[in-house]
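Here is the structure we will look at, set down as structure tokens.
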Amino acid sequence: MTHTLPVTLPDLRWISAFVALSAAAAHAQDPSITTGPADTTIPQLYDCAGGRPTAVGQITSQDGTVWTVPADTQFADAPKAADLYNECNGVTPSSTAEADIDSVPVIDAGGSEEFTAYLFGDNYFELYANGQLLAVDAVPFTPFNSSVVRFTVERPVTLAVMMVDWEENLGLGSEQGRGVSYSPGDGGLTMLVTDAAGEVVTLTDETWRAETFYTGPLADAACLDTDGPLRDSSACEIPRSNDGSAYMAAHWPVPTDWVAPDFDDSAWPQATTYDNDTVGVANKPSFTNFPDLFDRAGADAQFIWSSNLVLDNLVLLRRTFD
């Protein structure tokens, strides 16, 4: 006869704590470190007059892992999000009233309830609903654009967004700016989602989860805090120079199932919010022409990112709403 000992409340608490610590330890994972520039594999992913070059590259880390930078995206083959504002396509409404939202096709992601997402991303996004890719940003880098995506889906709805802060100096997380050749840029996503009646169902704020998968440039990778579930680069200096060829970068593998509704993102930090001035959108009509969408009274979508808007270049975001 087998005898089973009773499990007490303290036992259950200990087991829960052990499982949580084990999950956090597995999630923490030391970064894979690269040094110097990447090799260019795609000289120009997208071309638009006045835009920065959208090259893609590969670089091998100290542990032998090959990484695609700034990210392994689906831009080449995925459907592009409809334009809210896009100079490259000649779509430049001065207000939401002038935008032709009704002509945007509705994407079937399962279910029958219709939603509309309005996005301004710095720079590139890929938007998923309940594990299905809806659309990718039509402009990977610049000029800055904004997008609208209409879709049907079943509640609860898990939104997952890949965000990429593109780079000119491949593998070094930097671009020409601030008077030097190697200056890290910044990121940010603001998004408002409405239902068929135009009521707001979710928006970007601190309730989202945000995890980092590529950080650079780094003058010294020892500045990273990877204790527990953190991938925190907030203690790292912001390097800017005319010779960044020896800078380093940190990489983490993207989980294959990160877009799935049942993916466990509980170890991911909450998103950090940033105001418009910090992101720097005052001179970008793709944002400022639509205050009723991106700065709506009573439902003001915030810019979100990881804890480091400047150094973190590949950030995955998740949020579920009923």
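Chain lettering (A, B, ...) mirrors the order of the structure tokens, residue numbering begins at 1 for each chain separately, and ligand numbering begins at 1 in order of display.
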
Which residues of segment 275-305 of chain A have any atom within 6 Å of an atom in segment 185-201 of chain A when counting only C-alpha atoms, and what is the closest pair of atoms for each, with the distance in Å to one decimal? Order the rows by chain and rising number and write it as CSV.
residue,atom,partner,partner_atom,distance
A:Ala301,CA,A:Thr190,CA,5.9
A:Gln302,CA,A:Thr190,CA,5.6
A:Phe303,CA,A:Thr190,CA,4.6
A:Ile304,CA,A:Leu189,CA,5.5
A:Trp305,CA,A:Gly188,CA,5.5

| query | Leaving out Phe120 of chain A and any residue of its chain fewer than 2 positions from it, which residues lie within 8 Å of it when counting only C-alpha atoms, given as a ChimeraX atom specification? | reply | /A:118,122,145-147,189-191,286-287

Output C-alpha atoms for every residue in that selection, as a PDB file, in the first residue's frame.
ATOM      1  CA  TYR A 118      -3.394  52.622 -34.821  1.00  0.00           C
ATOM      2  CA  ASP A 122      10.231  53.913 -33.863  1.00  0.00           C
ATOM      3  CA  ASN A 145       5.407  56.741 -40.678  1.00  0.00           C
ATOM      4  CA  SER A 146       2.265  55.609 -38.860  1.00  0.00           C
ATOM      5  CA  SER A 147      -0.024  52.696 -39.593  1.00  0.00           C
ATOM      6  CA  LEU A 189       5.835  52.292 -29.685  1.00  0.00           C
ATOM      7  CA  THR A 190       2.501  53.980 -29.137  1.00  0.00           C
ATOM      8  CA  MET A 191      -0.664  52.120 -30.118  1.00  0.00           C
ATOM      9  CA  SER A 286       3.012  61.026 -38.804  1.00  0.00           C
ATOM     10  CA  PHE A 287       2.399  61.410 -35.064  1.00  0.00           C
TER      11      PHE A 287
END

| Which is closest to Thr65 of chain A among A:Val259, A:Ile101, A:Ala210, A:Ile33, if we use only C-alpha atoms? |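 Using only C-alpha atoms, the shortest distance to Thr65 of chain A belongs to A:Ile33.
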
| request: Determine which residues of segment 36-197 of chain A receive a DSSP assignment of strand (DSSP E), computed from the backbone, and state them as number ranges by chain. | output: A: 39-42, 56-60, 66-69, 82-85, 106-108, 113-122, 124-129, 132-136, 146-153, 157-164, 175-177, 180-183, 188-195

| field | Distance query Ala49 of chain A at most 10 Å, only C-alpha atoms, self and fewer than 4 positions along chain excluded, as a list of chain:residue names | value | A:Glu87, A:Cys88, A:Thr142, A:Pro143

| said: Which residue is closest to Thr116 of chain A? Choose from A:Ala81, A:Leu133, A:Val149, A:Leu159 and count only C-alpha atoms. | reply: A:Val149

| request: Give the answer as one residue: which of A:Gln132, A:Gly171, A:Asp292, A:Pro140 has the shortest atom-to-atom distance to Thr41 of chain A, using only C-alpha atoms? | output: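 Checking each of A:Gln132, A:Gly171, A:Asp292, A:Pro140 against Thr41 of chain A, counting only C-alpha atoms, the winner is A:Gly171.
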
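Ranking A:Arg296, A:Arg178, A:Arg150, A:His251 by their shortest atom-to-atom distance to Ile107 of chain A, with only C-alpha atoms included, puts A:Arg150 first.
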
| Shell of 10 Å around Arg231 of chain A, only C-alpha atoms, local chain residues under 4 positions omitted, as number ranges by chain | A: 27-31, 211-215, 224-227, 250, 252, 268-269, 306-308, 312

| request: Could you please determine the separation between atom CA of Thr272 of chain A and atom CA of Leu309 of chain A in Å, to one decimal place? | output: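 Between atom CA of Thr272 of chain A and atom CA of Leu309 of chain A the gap works out to 8.7 Å.
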
| field | Ser241 of chain A environment, 9 Å, only C-alpha atoms, sequence neighbours closer than 3 positions dropped, as a VMD selection string | value | chain A and resid 179 to 183 244

Print the selection's residues with N, CA and C atoms to a file, as an mmCIF file, in the first residue's frame.
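Okay, this is what ended up in part.cif:
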data_model
loop_
_atom_site.group_PDB
_atom_site.id
_atom_site.type_symbol
_atom_site.label_atom_id
_atom_site.label_comp_id
_atom_site.auth_asym_id
_atom_site.auth_seq_id
_atom_site.Cartn_x
_atom_site.Cartn_y
_atom_site.Cartn_z
ATOM 1 N N GLY A 179 26.287 64.658 -34.330
ATOM 2 C CA GLY A 179 27.597 65.118 -34.770
ATOM 3 C C GLY A 179 28.671 64.058 -34.811
ATOM 4 N N VAL A 180 28.324 62.779 -34.578
ATOM 5 C CA VAL A 180 29.314 61.703 -34.623
ATOM 6 C C VAL A 180 28.795 60.569 -35.497
ATOM 7 N N SER A 181 29.692 59.675 -35.875
ATOM 8 C CA SER A 181 29.327 58.577 -36.775
ATOM 9 C C SER A 181 28.683 57.404 -36.052
ATOM 10 N N TYR A 182 28.975 57.262 -34.751
ATOM 11 C CA TYR A 182 28.435 56.140 -33.975
ATOM 12 C C TYR A 182 27.666 56.709 -32.779
ATOM 13 N N SER A 183 26.361 56.845 -32.973
ATOM 14 C CA SER A 183 25.503 57.366 -31.916
ATOM 15 C C SER A 183 24.274 56.469 -31.812
ATOM 16 N N GLY A 244 33.403 53.695 -33.412
ATOM 17 C CA GLY A 244 32.744 52.733 -32.540
ATOM 18 C C GLY A 244 32.981 51.308 -32.965
#

| In Å, with one decimal, what is the gap from atom CA of Gly298 of chain A to atom CA of Asp275 of chain A? | 15.6 Å

| Close residues, Phe141 of chain A itself excluded, 7 Å, only C-alpha atoms, min 2 positions apart in chain, as a PyMOL selection string | chain A and resi 52+54+123-124+139+143+166

Same residues, N, CA and C atoms, output as an mmCIF file, in the first residue's frame:
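File selection_30.cif, as written:
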data_model
loop_
_atom_site.group_PDB
_atom_site.id
_atom_site.type_symbol
_atom_site.label_atom_id
_atom_site.label_comp_id
_atom_site.auth_asym_id
_atom_site.auth_seq_id
_atom_site.Cartn_x
_atom_site.Cartn_y
_atom_site.Cartn_z
ATOM 1 N N ARG A 52 16.887 56.597 -44.328
ATOM 2 C CA ARG A 52 18.185 56.013 -43.991
ATOM 3 C C ARG A 52 18.286 54.607 -44.569
ATOM 4 N N THR A 54 18.479 50.723 -45.019
ATOM 5 C CA THR A 54 17.902 49.638 -44.219
ATOM 6 C C THR A 54 18.617 48.330 -44.522
ATOM 7 N N ASN A 123 11.608 51.955 -34.580
ATOM 8 C CA ASN A 123 11.312 52.244 -35.973
ATOM 9 C C ASN A 123 10.327 51.243 -36.579
ATOM 10 N N TYR A 124 10.556 49.950 -36.339
ATOM 11 C CA TYR A 124 9.871 48.896 -37.086
ATOM 12 C C TYR A 124 9.070 48.004 -36.141
ATOM 13 N N VAL A 139 7.580 50.730 -43.412
ATOM 14 C CA VAL A 139 8.863 51.438 -43.503
ATOM 15 C C VAL A 139 9.739 50.977 -42.347
ATOM 16 N N PRO A 143 11.668 57.509 -43.762
ATOM 17 C CA PRO A 143 11.008 58.522 -42.945
ATOM 18 C C PRO A 143 10.015 57.898 -41.963
ATOM 19 N N TRP A 166 16.070 50.309 -35.691
ATOM 20 C CA TRP A 166 17.002 49.972 -36.783
ATOM 21 C C TRP A 166 18.340 50.655 -36.571
#

| Nearest to Pro93 of chain A among A:Gly173, A:Pro43, A:Asn289, A:Asn130, with distances taken over only C-alpha atoms: which residue is it? |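 With only C-alpha atoms as the atom set, the closest residue is A:Asn289.
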
| query | Which neighbours of Phe321 of chain A fall inside 12 Å, counting only C-alpha atoms, when residues of the same chain fewer than 6 positions from it are skipped, and could you give them as a PyMOL selection string? | reply | chain A and resi 129-130+153-160+193-194+200-204+207-208+261

Filtering to C-alpha atoms, could you give me those residues as a compact mmCIF listing (two decimals), in the first residue's frame?
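What follows is the written file out-v2.txt:
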# COMPACT_ATOMS: atom_id res chain seq x y z
CA ALA A 129 -3.08 38.83 -32.56
CA ASN A 130 -3.66 35.47 -30.85
CA VAL A 153 -10.41 38.01 -33.73
CA GLU A 154 -11.97 36.15 -30.81
CA ARG A 155 -11.66 37.46 -27.25
CA PRO A 156 -9.59 37.24 -25.13
CA VAL A 157 -7.06 38.89 -27.44
CA THR A 158 -3.32 38.54 -26.95
CA LEU A 159 -1.40 41.22 -28.81
CA ALA A 160 2.29 40.61 -29.42
CA VAL A 193 -6.88 49.77 -30.33
CA THR A 194 -10.61 50.39 -30.77
CA VAL A 200 -10.95 52.08 -26.87
CA VAL A 201 -10.33 48.46 -25.79
CA THR A 202 -6.60 48.70 -25.06
CA LEU A 203 -3.64 51.02 -25.47
CA THR A 204 0.07 51.03 -24.77
CA THR A 207 0.52 47.12 -18.04
CA TRP A 208 2.27 45.66 -21.09
CA PRO A 261 -1.61 33.35 -26.29

| field | Which of segment 170-292 of chain A fall in alpha helix (DSSP H), as a list in words | value |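 DSSP-assigned alpha helix (DSSP H) residues in segment 170-292 of chain A: Asn276, Asp277, Thr278, Val279, Pro285, Ser286, Phe287, Thr288, Pro291 and Asp292 of chain A.
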